[in-house]
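Novice: File protein.cif below, mmCIF, C-alpha atoms and all ligand atoms:
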```
data_coords
#
loop_
_atom_site.group_PDB
_atom_site.id
_atom_site.type_symbol
_atom_site.label_atom_id
_atom_site.label_comp_id
_atom_site.auth_asym_id
_atom_site.auth_seq_id
_atom_site.Cartn_x
_atom_site.Cartn_y
_atom_site.Cartn_z
ATOM 1 C CA MET A 21 105.881 95.757 75.673
ATOM 2 C CA LEU A 22 108.803 96.322 73.237
ATOM 3 C CA GLY A 23 106.986 99.346 71.871
ATOM 4 C CA GLU A 24 103.771 97.414 71.152
ATOM 5 C CA GLN A 25 100.510 98.626 72.669
ATOM 6 C CA LEU A 26 98.702 95.666 74.186
ATOM 7 C CA VAL A 27 95.419 95.117 75.947
ATOM 8 C CA LEU A 28 94.862 92.090 78.135
ATOM 9 C CA PHE A 29 91.455 90.896 79.249
ATOM 10 C CA ARG A 30 89.893 87.917 80.906
ATOM 11 C CA MET A 31 86.713 86.322 79.568
ATOM 12 C CA ARG A 32 84.052 85.298 82.026
ATOM 13 C CA ASP A 33 85.086 81.651 81.559
ATOM 14 C CA GLY A 34 88.608 82.563 82.700
ATOM 15 C CA GLN A 35 90.284 82.569 79.287
ATOM 16 C CA VAL A 36 92.832 85.370 78.849
ATOM 17 C CA GLY A 37 93.228 87.365 75.634
ATOM 18 C CA ALA A 38 96.083 89.645 74.564
ATOM 19 C CA LEU A 39 95.331 91.902 71.602
ATOM 20 C CA ALA A 40 96.800 94.903 69.859
ATOM 21 C CA ASN A 41 95.219 97.748 71.811
ATOM 22 C CA ARG A 42 93.572 99.384 68.811
ATOM 23 C CA CYS A 43 90.056 98.921 67.590
ATOM 24 C CA ALA A 44 89.940 98.070 63.882
ATOM 25 C CA HIS A 45 87.003 100.461 63.359
ATOM 26 C CA ARG A 46 88.110 103.961 64.398
ATOM 27 C CA ASN A 47 91.212 103.060 66.398
ATOM 28 C CA LEU A 48 90.041 103.769 69.926
ATOM 29 C CA ALA A 49 92.233 101.980 72.446
ATOM 30 C CA LEU A 50 90.410 98.773 73.340
ATOM 31 C CA SER A 51 91.638 99.174 76.910
ATOM 32 C CA ARG A 52 88.971 101.888 77.263
ATOM 33 C CA GLY A 53 86.313 99.252 76.658
ATOM 34 C CA LYS A 54 84.778 96.617 78.875
ATOM 35 C CA VAL A 55 84.502 92.873 79.012
ATOM 36 C CA SER A 56 81.120 91.577 77.918
ATOM 37 C CA ALA A 57 79.765 88.046 77.533
ATOM 38 C CA ASP A 58 81.305 87.718 74.023
ATOM 39 C CA GLY A 59 84.670 89.356 74.582
ATOM 40 C CA LEU A 60 86.215 92.801 74.820
ATOM 41 C CA SER A 61 83.815 95.548 73.683
ATOM 42 C CA CYS A 62 85.118 98.860 72.352
ATOM 43 C CA ALA A 63 83.997 101.984 74.218
ATOM 44 C CA TYR A 64 83.055 103.866 71.005
ATOM 45 C CA HIS A 65 80.619 101.719 68.929
ATOM 46 C CA GLY A 66 80.743 98.499 70.890
ATOM 47 C CA TRP A 67 82.555 96.273 68.400
ATOM 48 C CA THR A 68 83.442 93.173 70.382
ATOM 49 C CA TYR A 69 86.555 91.036 69.951
ATOM 50 C CA ASP A 70 87.182 87.516 71.180
ATOM 51 C CA PRO A 71 90.646 86.371 72.436
ATOM 52 C CA SER A 72 91.643 85.391 68.887
ATOM 53 C CA GLY A 73 91.230 89.049 67.874
ATOM 54 C CA THR A 74 88.168 88.359 65.717
ATOM 55 C CA CYS A 75 85.350 90.892 65.873
ATOM 56 C CA VAL A 76 82.346 88.765 66.810
ATOM 57 C CA HIS A 77 79.763 91.491 67.316
ATOM 58 C CA VAL A 78 79.012 94.821 65.605
ATOM 59 C CA PRO A 79 76.012 96.225 67.489
ATOM 60 C CA ALA A 80 75.012 98.613 64.660
ATOM 61 C CA ALA A 81 74.927 95.900 61.985
ATOM 62 C CA CYS A 82 71.378 94.715 61.235
ATOM 63 C CA ASN A 83 72.521 91.284 59.984
ATOM 64 C CA GLY A 84 74.998 90.742 62.765
ATOM 65 C CA CYS A 85 78.653 90.398 61.905
ATOM 66 C CA SER A 86 78.881 88.016 58.962
ATOM 67 C CA PRO A 87 81.500 85.304 59.548
ATOM 68 C CA GLN A 88 83.040 85.850 56.068
ATOM 69 C CA ALA A 89 83.874 89.497 56.601
ATOM 70 C CA ARG A 90 84.800 89.763 60.242
ATOM 71 C CA PRO A 91 87.287 92.509 61.034
ATOM 72 C CA ARG A 92 90.289 91.435 63.087
ATOM 73 C CA VAL A 93 92.919 92.891 65.347
ATOM 74 C CA ARG A 94 96.227 91.205 65.998
ATOM 75 C CA SER A 95 96.235 88.676 68.848
ATOM 76 C CA TYR A 96 99.241 87.328 70.738
ATOM 77 C CA PRO A 97 99.806 83.902 72.316
ATOM 78 C CA VAL A 98 99.356 83.998 76.097
ATOM 79 C CA CYS A 99 100.231 81.573 78.855
ATOM 80 C CA GLU A 100 99.126 81.776 82.448
ATOM 81 C CA LYS A 101 101.473 80.238 84.974
ATOM 82 C CA GLN A 102 102.172 80.603 88.692
ATOM 83 C CA GLY A 103 99.985 83.683 88.943
ATOM 84 C CA LEU A 104 101.452 85.623 86.006
ATOM 85 C CA VAL A 105 100.186 86.094 82.465
ATOM 86 C CA TRP A 106 102.893 85.835 79.803
ATOM 87 C CA VAL A 107 102.525 87.277 76.332
ATOM 88 C CA TYR A 108 104.632 86.170 73.388
ATOM 89 C CA LEU A 109 105.523 88.918 70.929
ATOM 90 C CA SER A 110 106.397 86.935 67.852
ATOM 91 C CA ALA A 111 107.687 88.712 64.777
ATOM 92 C CA LYS A 112 105.503 86.822 62.296
ATOM 93 C CA GLY A 113 102.845 85.223 64.479
ATOM 94 C CA GLU A 114 104.879 82.107 65.364
ATOM 95 C CA GLU A 115 103.961 80.154 68.480
ATOM 96 C CA PRO A 116 106.464 80.223 71.373
ATOM 97 C CA GLU A 117 108.816 77.299 71.887
ATOM 98 C CA GLY A 118 108.472 75.872 75.376
ATOM 99 C CA GLU A 119 107.175 77.623 78.457
ATOM 100 C CA PRO A 120 108.310 80.602 80.522
ATOM 101 C CA LEU A 121 110.816 79.846 83.284
ATOM 102 C CA ASP A 122 109.550 78.442 86.554
ATOM 103 C CA PHE A 123 109.656 80.462 89.732
ATOM 104 C CA PRO A 124 111.463 78.114 92.121
ATOM 105 C CA PHE A 125 109.687 76.923 95.306
ATOM 106 C CA HIS A 126 106.486 78.685 94.246
ATOM 107 C CA GLY A 127 103.617 77.439 96.410
ATOM 108 C CA GLN A 128 105.758 74.923 98.313
ATOM 109 C CA SER A 129 105.007 74.363 101.952
ATOM 110 C CA ARG A 130 107.173 76.369 104.372
ATOM 111 C CA TRP A 131 107.998 78.815 101.585
ATOM 112 C CA GLN A 132 106.720 82.377 101.514
ATOM 113 C CA HIS A 133 106.521 84.289 98.271
ATOM 114 C CA TRP A 134 105.217 87.504 96.748
ATOM 115 C CA PHE A 135 105.669 89.576 93.595
ATOM 116 C CA MET A 136 106.770 93.199 93.299
ATOM 117 C CA GLU A 137 106.299 95.323 90.201
ATOM 118 C CA ARG A 138 108.132 98.515 89.244
ATOM 119 C CA VAL A 139 108.636 100.580 86.108
ATOM 120 C CA PHE A 140 112.311 101.494 85.866
ATOM 121 C CA GLU A 141 113.397 104.480 83.818
ATOM 122 C CA GLY A 142 116.242 102.549 82.265
ATOM 123 C CA ASP A 143 116.867 99.889 79.650
ATOM 124 C CA ALA A 144 116.632 96.199 80.447
ATOM 125 C CA PHE A 145 120.407 95.708 80.444
ATOM 126 C CA ASN A 146 121.022 98.434 83.014
ATOM 127 C CA CYS A 147 118.249 97.006 85.193
ATOM 128 C CA ALA A 148 119.423 93.394 84.978
ATOM 129 C CA GLU A 149 122.998 94.442 85.661
ATOM 130 C CA ASN A 150 121.889 96.371 88.744
ATOM 131 C CA PHE A 151 120.028 93.363 90.143
ATOM 132 C CA LEU A 152 123.181 91.235 89.960
ATOM 133 C CA ASP A 153 125.713 93.852 90.923
ATOM 134 C CA CYS A 154 127.129 93.522 94.439
ATOM 135 C CA PRO A 155 129.476 96.546 94.725
ATOM 136 C CA HIS A 156 126.625 99.101 94.450
ATOM 137 C CA THR A 157 124.992 97.666 97.566
ATOM 138 C CA ASN A 158 127.728 99.258 99.755
ATOM 139 C CA HIS A 159 126.672 102.677 98.449
ATOM 140 C CA VAL A 160 123.093 102.693 97.170
ATOM 141 C CA HIS A 161 121.818 100.415 99.954
ATOM 142 C CA LYS A 162 124.268 101.570 102.620
ATOM 143 C CA GLY A 163 123.083 100.685 106.099
ATOM 144 C CA LEU A 164 120.163 98.707 104.782
ATOM 145 C CA PHE A 165 121.765 95.823 102.947
ATOM 146 C CA ARG A 166 125.510 96.280 103.377
ATOM 147 C CA THR A 167 127.795 98.937 104.846
ATOM 148 C CA GLU A 168 130.827 100.737 103.394
ATOM 149 C CA ASN A 169 132.973 98.208 105.195
ATOM 150 C CA THR A 170 133.940 95.992 102.245
ATOM 151 C CA ARG A 171 135.612 92.590 102.205
ATOM 152 C CA GLU A 172 137.358 90.498 99.633
ATOM 153 C CA ASN A 173 135.150 87.844 98.050
ATOM 154 C CA GLU A 174 136.291 85.053 95.802
ATOM 155 C CA VAL A 175 133.919 84.434 92.940
ATOM 156 C CA GLU A 176 133.669 81.603 90.459
ATOM 157 C CA ILE A 177 132.130 82.427 87.113
ATOM 158 C CA THR A 178 130.521 79.751 84.993
ATOM 159 C CA SER A 179 128.414 80.109 81.900
ATOM 160 C CA GLY A 180 126.480 78.313 79.175
ATOM 161 C CA GLN A 181 124.770 79.066 75.924
ATOM 162 C CA ASP A 182 122.276 81.580 77.334
ATOM 163 C CA TRP A 183 123.315 82.132 80.949
ATOM 164 C CA VAL A 184 126.163 83.218 83.185
ATOM 165 C CA GLN A 185 126.539 82.740 86.917
ATOM 166 C CA ALA A 186 128.693 84.121 89.698
ATOM 167 C CA GLU A 187 129.102 81.976 92.770
ATOM 168 C CA PHE A 188 130.664 83.623 95.810
ATOM 169 C CA LEU A 189 132.804 81.122 97.617
ATOM 170 C CA ASN A 190 133.716 82.708 100.942
ATOM 171 C CA GLU A 191 131.127 85.374 101.518
ATOM 172 C CA LYS A 192 130.731 86.534 105.106
ATOM 173 C CA ARG A 193 127.468 87.771 106.458
ATOM 174 C CA MET A 194 126.663 91.470 105.969
ATOM 175 C CA ASP A 195 127.270 93.847 108.912
ATOM 176 C CA THR A 196 123.656 94.939 108.898
ATOM 177 C CA LEU A 197 120.512 93.844 110.669
ATOM 178 C CA LEU A 198 119.656 91.897 107.529
ATOM 179 C CA GLY A 199 122.980 90.039 107.721
ATOM 180 C CA ARG A 200 122.392 89.132 111.347
ATOM 181 C CA ILE A 201 118.939 87.819 110.522
ATOM 182 C CA LEU A 202 119.952 85.979 107.363
ATOM 183 C CA CYS A 203 122.964 84.205 108.666
ATOM 184 C CA PRO A 204 123.664 82.729 112.097
ATOM 185 C CA LYS A 205 126.910 83.988 113.642
ATOM 186 C CA GLY A 206 129.885 82.155 112.175
ATOM 187 C CA GLY A 207 127.607 80.469 109.628
ATOM 188 C CA LYS A 208 128.441 80.183 105.944
ATOM 189 C CA MET A 209 126.468 81.829 103.173
ATOM 190 C CA ARG A 210 126.097 80.284 99.775
ATOM 191 C CA HIS A 211 125.383 83.110 97.359
ATOM 192 C CA THR A 212 124.853 82.806 93.609
ATOM 193 C CA ASP A 213 123.873 85.439 91.055
ATOM 194 C CA ARG A 214 122.661 84.225 87.705
ATOM 195 C CA PHE A 215 121.671 85.947 84.469
ATOM 196 C CA ILE A 216 119.530 84.059 81.983
ATOM 197 C CA LEU A 217 118.458 85.323 78.575
ATOM 198 C CA PRO A 218 116.250 87.203 77.961
ATOM 199 C CA TYR A 219 116.829 89.564 80.920
ATOM 200 C CA VAL A 220 116.031 87.218 83.778
ATOM 201 C CA THR A 221 118.064 87.517 86.972
ATOM 202 C CA ARG A 222 118.159 85.111 89.888
ATOM 203 C CA VAL A 223 119.864 85.834 93.198
ATOM 204 C CA GLU A 224 120.040 83.127 95.798
ATOM 205 C CA TYR A 225 121.279 83.150 99.394
ATOM 206 C CA ARG A 226 121.357 79.953 101.341
ATOM 207 C CA THR A 227 122.743 80.018 104.836
ATOM 208 C CA HIS A 228 121.304 76.824 106.192
ATOM 209 C CA GLU A 229 119.046 73.950 105.084
ATOM 210 C CA THR A 230 116.053 75.910 106.359
ATOM 211 C CA ARG A 231 117.213 79.461 105.591
ATOM 212 C CA HIS A 232 117.034 80.088 101.914
ATOM 213 C CA PHE A 233 116.213 83.232 99.906
ATOM 214 C CA VAL A 234 115.519 83.602 96.187
ATOM 215 C CA VAL A 235 114.989 86.860 94.290
ATOM 216 C CA MET A 236 114.100 86.476 90.645
ATOM 217 C CA SER A 237 113.448 89.433 88.360
ATOM 218 C CA GLN A 238 111.925 89.415 84.911
ATOM 219 C CA CYS A 239 112.728 92.560 82.957
ATOM 220 C CA THR A 240 110.162 93.412 80.298
ATOM 221 C CA PRO A 241 111.266 96.234 78.027
ATOM 222 C CA ILE A 242 108.517 98.797 77.520
ATOM 223 C CA GLY A 243 110.596 100.909 75.142
ATOM 224 C CA ASP A 244 114.258 101.858 74.720
ATOM 225 C CA ASP A 245 114.632 103.510 78.119
ATOM 226 C CA GLN A 246 111.860 101.994 80.179
ATOM 227 C CA THR A 247 111.549 98.552 81.691
ATOM 228 C CA ARG A 248 108.761 96.948 83.655
ATOM 229 C CA VAL A 249 110.232 94.601 86.213
ATOM 230 C CA PHE A 250 108.403 91.816 87.986
ATOM 231 C CA THR A 251 110.349 90.603 90.986
ATOM 232 C CA TYR A 252 109.534 87.286 92.592
ATOM 233 C CA MET A 253 110.641 87.015 96.198
ATOM 234 C CA ALA A 254 110.602 83.626 97.874
ATOM 235 C CA PHE A 255 112.134 82.459 101.101
ATOM 236 C CA ARG A 256 112.011 79.909 103.839
ATOM 237 C CA PHE A 257 113.313 80.643 107.284
ATOM 238 C CA ASP A 258 113.154 77.953 109.956
ATOM 239 C CA GLY A 259 109.616 78.081 111.364
ATOM 240 C CA TRP A 260 109.534 81.884 111.349
ATOM 241 C CA GLY A 261 108.545 82.625 107.754
ATOM 242 C CA PRO A 262 105.315 84.602 108.376
ATOM 243 C CA LEU A 263 106.960 86.625 111.147
ATOM 244 C CA LEU A 264 110.120 87.380 109.172
ATOM 245 C CA ARG A 265 107.979 88.468 106.252
ATOM 246 C CA LEU A 266 106.657 91.407 108.321
ATOM 247 C CA PHE A 267 110.197 92.771 108.323
ATOM 248 C CA TYR A 268 111.529 91.407 105.060
ATOM 249 C CA GLN A 269 108.740 92.577 102.749
ATOM 250 C CA PRO A 270 108.981 96.342 103.529
ATOM 251 C CA PHE A 271 112.775 95.977 103.483
ATOM 252 C CA ALA A 272 112.661 94.488 99.969
ATOM 253 C CA HIS A 273 110.394 97.290 98.729
ATOM 254 C CA ARG A 274 112.741 99.924 100.150
ATOM 255 C CA VAL A 275 115.791 98.334 98.488
ATOM 256 C CA LEU A 276 113.943 98.121 95.180
ATOM 257 C CA ASP A 277 112.929 101.788 95.352
ATOM 258 C CA GLN A 278 116.562 102.768 95.901
ATOM 259 C CA ASP A 279 117.456 100.865 92.725
ATOM 260 C CA VAL A 280 114.599 102.528 90.818
ATOM 261 C CA GLU A 281 116.067 105.894 91.796
ATOM 262 C CA VAL A 282 119.698 105.142 90.890
ATOM 263 C CA ILE A 283 118.663 103.715 87.494
ATOM 264 C CA ARG A 284 116.574 106.836 86.818
ATOM 265 C CA TRP A 285 119.628 108.988 87.625
ATOM 266 C CA GLN A 286 121.789 106.865 85.327
ATOM 267 C CA THR A 287 119.342 107.229 82.419
ATOM 268 C CA GLU A 288 118.870 110.980 82.952
ATOM 269 C CA ASP A 289 122.633 111.503 83.111
ATOM 270 C CA ILE A 290 123.413 109.392 80.025
ATOM 271 C CA ARG A 291 120.704 111.286 78.151
ATOM 272 C CA ARG A 292 122.406 114.538 79.099
ATOM 273 C CA PHE A 293 125.761 113.210 77.839
ATOM 274 C CA GLY A 294 124.109 112.126 74.606
ATOM 275 C CA SER A 295 125.296 108.513 74.578
ATOM 276 C CA ARG A 296 126.693 105.828 76.838
ATOM 277 C CA SER A 297 130.349 104.988 77.166
ATOM 278 C CA PHE A 298 130.880 102.200 79.713
ATOM 279 C CA VAL A 299 134.056 100.677 81.137
ATOM 280 C CA PHE A 300 133.637 96.989 81.928
ATOM 281 C CA HIS A 301 135.906 96.362 84.869
ATOM 282 C CA GLU A 302 137.170 93.205 86.599
ATOM 283 C CA SER A 303 135.197 94.221 89.680
ATOM 284 C CA ASP A 304 131.935 94.082 87.713
ATOM 285 C CA ALA A 305 131.627 90.292 88.244
ATOM 286 C CA ILE A 306 129.582 89.121 85.231
ATOM 287 C CA ALA A 307 128.577 92.345 83.461
ATOM 288 C CA ARG A 308 130.910 91.693 80.534
ATOM 289 C CA GLU A 309 129.449 88.226 80.006
ATOM 290 C CA MET A 310 125.910 89.588 80.285
ATOM 291 C CA HIS A 311 126.730 92.137 77.642
ATOM 292 C CA ALA A 312 128.086 89.396 75.356
ATOM 293 C CA LEU A 313 124.896 87.354 75.810
ATOM 294 C CA VAL A 314 122.512 90.220 75.068
ATOM 295 C CA SER A 315 124.638 91.068 72.027
ATOM 296 C CA GLY A 316 123.825 87.615 70.658
ATOM 297 C CA ARG A 317 127.029 85.755 71.546
ATOM 298 C CA SER A 318 126.806 82.281 73.112
ATOM 299 C CA LEU A 319 128.983 81.470 76.141
ATOM 300 C CA GLU A 320 128.794 77.735 75.471
ATOM 301 C CA GLY A 321 132.078 75.977 76.181
ATOM 302 C CA LYS A 322 133.674 78.954 77.906
ATOM 303 C CA GLU A 323 135.963 77.884 80.752
ATOM 304 C CA SER A 324 134.955 78.767 84.278
ATOM 305 C CA ARG A 325 137.230 81.274 85.996
ATOM 306 C CA ARG A 326 137.842 82.761 89.410
ATOM 307 C CA LYS A 327 138.583 86.273 90.550
ATOM 308 C CA LYS A 328 138.253 88.461 93.626
ATOM 309 C CA ILE A 329 135.895 91.365 94.216
ATOM 310 C CA ARG A 330 135.490 93.611 97.241
ATOM 311 C CA PHE A 331 132.032 94.431 98.513
HETATM 312 S S1 LIG A 401 86.138 102.744 67.301
HETATM 313 FE FE1 LIG A 401 85.850 100.857 68.206
HETATM 314 S S2 LIG A 401 83.853 100.368 67.692
HETATM 315 FE FE2 LIG A 401 84.167 102.185 66.633
HETATM 316 FE FE FE A 402 120.365 97.343 94.336
#
```
Would you mind writing the file out in structure tokens?
Specialist:
Amino acid sequence: MLGEQLVLFRMRDGQVGALANRCAHRNLALSRGKVSADGLSCAYHGWTYDPSGTCVHVPAACNGCSPQARPRVRSYPVCEKQGLVWVYLSAKGEEPEGEPLDFPFHGQSRWQHWFMERVFEGDAFNCAENFLDCPHTNHVHKGLFRTENTRENEVEITSGQDWVQAEFLNEKRMDTLLGRILCPKGGKMRHTDRFILPYVTRVEYRTHETRHFVVMSQCTPIGDDQTRVFTYMAFRFDGWGPLLRLFYQPFAHRVLDQDVEVIRWQTEDIRRFGSRSFVFHESDAIAREMHALVSGRSLEGKESRRKKIRF
């Protein structure tokens, strides 16, 4: 994560540790090791580290590992929540403020959910933008999500200190099988796209009290041009959730793979050009605001505004 090499392990009592992935002794990656009763044991000489990063066992030492002179590796604060392990990469070892964001409707009755994980060859901004960008769906996901038949959509943009949201006010259902399933004929769709620092996206479609879809992606930068994305998919759909999932889950994976490919193309092409040079256009919905947020500007107090976009 963010250029740091990490190893995560779970103790037999369930406790999770996140350490710098480098043995203090001769620098073997600790991820080559194994979990023993005392902690994570290095594959080379068996030095064993507990979740605080302290070496608690040196097998070759006759007097054990004296508590005064215990070698250490760096450890990171971890938090386990809703089935994910979160690691906090502080600059100077500070503890995180607050908790990671909640995944909405997680574990609620009548709701289905699952996680998808992909490594994108692209930076976190390009990924997050893609997840909230409607106009690409007519091209990259043609026939699957939307078609080339575009329509005018009115969008209201609101924002706060660390977030920006687009709400589509008159969106009609898509002309695809997905559209027909999502939205009853003549029904209204409530669609919102939200970006929250740092690199969290949340897309929501609600067509009826009992038909509601949420897609939330967490972009974790691996390095400058690589991002690991965890996507949380949750939905409820009348009484047909488990059945719809048989169709919806492979569909979601296919859509995601199309995005993985287009982001890889984008990164390869920008690399060939040497640098990026983007035009932020009115039709980009909230990309300009997202760029302001990731550049460290707050959108607190900014007036909401409306515009029209075709997709
Ligand atoms: S390199 Fe890890 S114990 Fe020697
Ligand atoms: Fe997409």
Novice: Dump the neighbourhood of ligand LIG 401 (chain A) as a PDB file with C-alpha atoms, in the frame of the given file: all residues within 9 Å, distances computed on all atoms listed in the file.
Specialist:
```pdb
ATOM      1  CA  ARG A  42      93.572  99.384  68.811  1.00  0.00           C
ATOM      2  CA  CYS A  43      90.056  98.921  67.590  1.00  0.00           C
ATOM      3  CA  ALA A  44      89.940  98.070  63.882  1.00  0.00           C
ATOM      4  CA  HIS A  45      87.003 100.461  63.359  1.00  0.00           C
ATOM      5  CA  ARG A  46      88.110 103.961  64.398  1.00  0.00           C
ATOM      6  CA  ASN A  47      91.212 103.060  66.398  1.00  0.00           C
ATOM      7  CA  LEU A  48      90.041 103.769  69.926  1.00  0.00           C
ATOM      8  CA  ALA A  49      92.233 101.980  72.446  1.00  0.00           C
ATOM      9  CA  LEU A  50      90.410  98.773  73.340  1.00  0.00           C
ATOM     10  CA  GLY A  53      86.313  99.252  76.658  1.00  0.00           C
ATOM     11  CA  SER A  61      83.815  95.548  73.683  1.00  0.00           C
ATOM     12  CA  CYS A  62      85.118  98.860  72.352  1.00  0.00           C
ATOM     13  CA  ALA A  63      83.997 101.984  74.218  1.00  0.00           C
ATOM     14  CA  TYR A  64      83.055 103.866  71.005  1.00  0.00           C
ATOM     15  CA  HIS A  65      80.619 101.719  68.929  1.00  0.00           C
ATOM     16  CA  GLY A  66      80.743  98.499  70.890  1.00  0.00           C
ATOM     17  CA  TRP A  67      82.555  96.273  68.400  1.00  0.00           C
ATOM     18  CA  THR A  68      83.442  93.173  70.382  1.00  0.00           C
ATOM     19  CA  VAL A  78      79.012  94.821  65.605  1.00  0.00           C
ATOM     20  CA  PRO A  79      76.012  96.225  67.489  1.00  0.00           C
TER      21      PRO A  79
END
```
Novice: Mind running chain A against ligand FE 402 (chain A) at 9 Å and telling me each contacting residue's nearest atom pair with the distance in Å (one decimal), counting all atoms listed in the file, chain and number ascending, as a Markdown table?
Specialist:
```
| residue | atom | partner | partner_atom | distance |
| --- | --- | --- | --- | --- |
| A:Asn150 | CA | A:FE402 | FE | 5.9 |
| A:Phe151 | CA | A:FE402 | FE | 5.8 |
| A:Leu152 | CA | A:FE402 | FE | 8.0 |
| A:Asp153 | CA | A:FE402 | FE | 7.2 |
| A:Cys154 | CA | A:FE402 | FE | 7.8 |
| A:His156 | CA | A:FE402 | FE | 6.5 |
| A:Thr157 | CA | A:FE402 | FE | 5.7 |
| A:Val160 | CA | A:FE402 | FE | 6.6 |
| A:His161 | CA | A:FE402 | FE | 6.6 |
| A:Phe165 | CA | A:FE402 | FE | 8.9 |
| A:Val275 | CA | A:FE402 | FE | 6.3 |
| A:Leu276 | CA | A:FE402 | FE | 6.5 |
| A:Asp277 | CA | A:FE402 | FE | 8.7 |
| A:Gln278 | CA | A:FE402 | FE | 6.8 |
| A:Asp279 | CA | A:FE402 | FE | 4.8 |
| A:Val280 | CA | A:FE402 | FE | 8.5 |
| A:Val282 | CA | A:FE402 | FE | 8.6 |
```
Novice: If we count all atoms listed in the file and set the cut-off at 8 Å, which residues sit around A:Glu172, ignoring sequence neighbours fewer than 6 positions away in its own chain? Please answer as a list in words.
Specialist: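 Everything that qualifies: Lys328, Ile329, Arg330 and Phe331 of chain A.
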Novice: Would you export the selected residues with C-alpha atoms as a PDB file, in the frame of the given file, please?
Specialist:
```
ATOM      1  CA  LYS A 328     138.253  88.461  93.626  1.00  0.00           C
ATOM      2  CA  ILE A 329     135.895  91.365  94.216  1.00  0.00           C
ATOM      3  CA  ARG A 330     135.490  93.611  97.241  1.00  0.00           C
ATOM      4  CA  PHE A 331     132.032  94.431  98.513  1.00  0.00           C
TER       5      PHE A 331
END
```
Novice: Taking the file above as input, evaluate the PyMOL selection byres (((chain A and resi 209) around 8) and not hetatm) and report the hits as a PyMOL selection string.
Specialist: chain A and resi 190-193+203+207-208+210-211+225-228
Novice: Those same residues, written as an mmCIF file, keeping the file's coordinate frame with C-alpha atoms?
Specialist:
```cif
data_model
loop_
_atom_site.group_PDB
_atom_site.id
_atom_site.type_symbol
_atom_site.label_atom_id
_atom_site.label_comp_id
_atom_site.auth_asym_id
_atom_site.auth_seq_id
_atom_site.Cartn_x
_atom_site.Cartn_y
_atom_site.Cartn_z
ATOM 1 C CA ASN A 190 133.716 82.708 100.942
ATOM 2 C CA GLU A 191 131.127 85.374 101.518
ATOM 3 C CA LYS A 192 130.731 86.534 105.106
ATOM 4 C CA ARG A 193 127.468 87.771 106.458
ATOM 5 C CA CYS A 203 122.964 84.205 108.666
ATOM 6 C CA GLY A 207 127.607 80.469 109.628
ATOM 7 C CA LYS A 208 128.441 80.183 105.944
ATOM 8 C CA ARG A 210 126.097 80.284 99.775
ATOM 9 C CA HIS A 211 125.383 83.110 97.359
ATOM 10 C CA TYR A 225 121.279 83.150 99.394
ATOM 11 C CA ARG A 226 121.357 79.953 101.341
ATOM 12 C CA THR A 227 122.743 80.018 104.836
ATOM 13 C CA HIS A 228 121.304 76.824 106.192
#
```
Novice: If I take atom CA of A:Cys147 and atom CA of A:Ile283, how far is one from the other in Å, to one decimal?
Specialist: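 Interatomic distance, atom CA of A:Cys147 to atom CA of A:Ile283: 7.1 Å.
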Novice: Suppose you want the space between atom CA of A:Lys327 and atom CA of A:Glu229; what is it in Å?
Specialist: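 Taking atom CA of A:Lys327 and atom CA of A:Glu229, their separation equals 27.3 Å.
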Novice: Restricting the calculation to only C-alpha atoms, which member of A:Phe250, A:Tyr69, A:Phe257, A:Tyr219 is positioned closest to A:Pro91?
Specialist: A:Tyr69
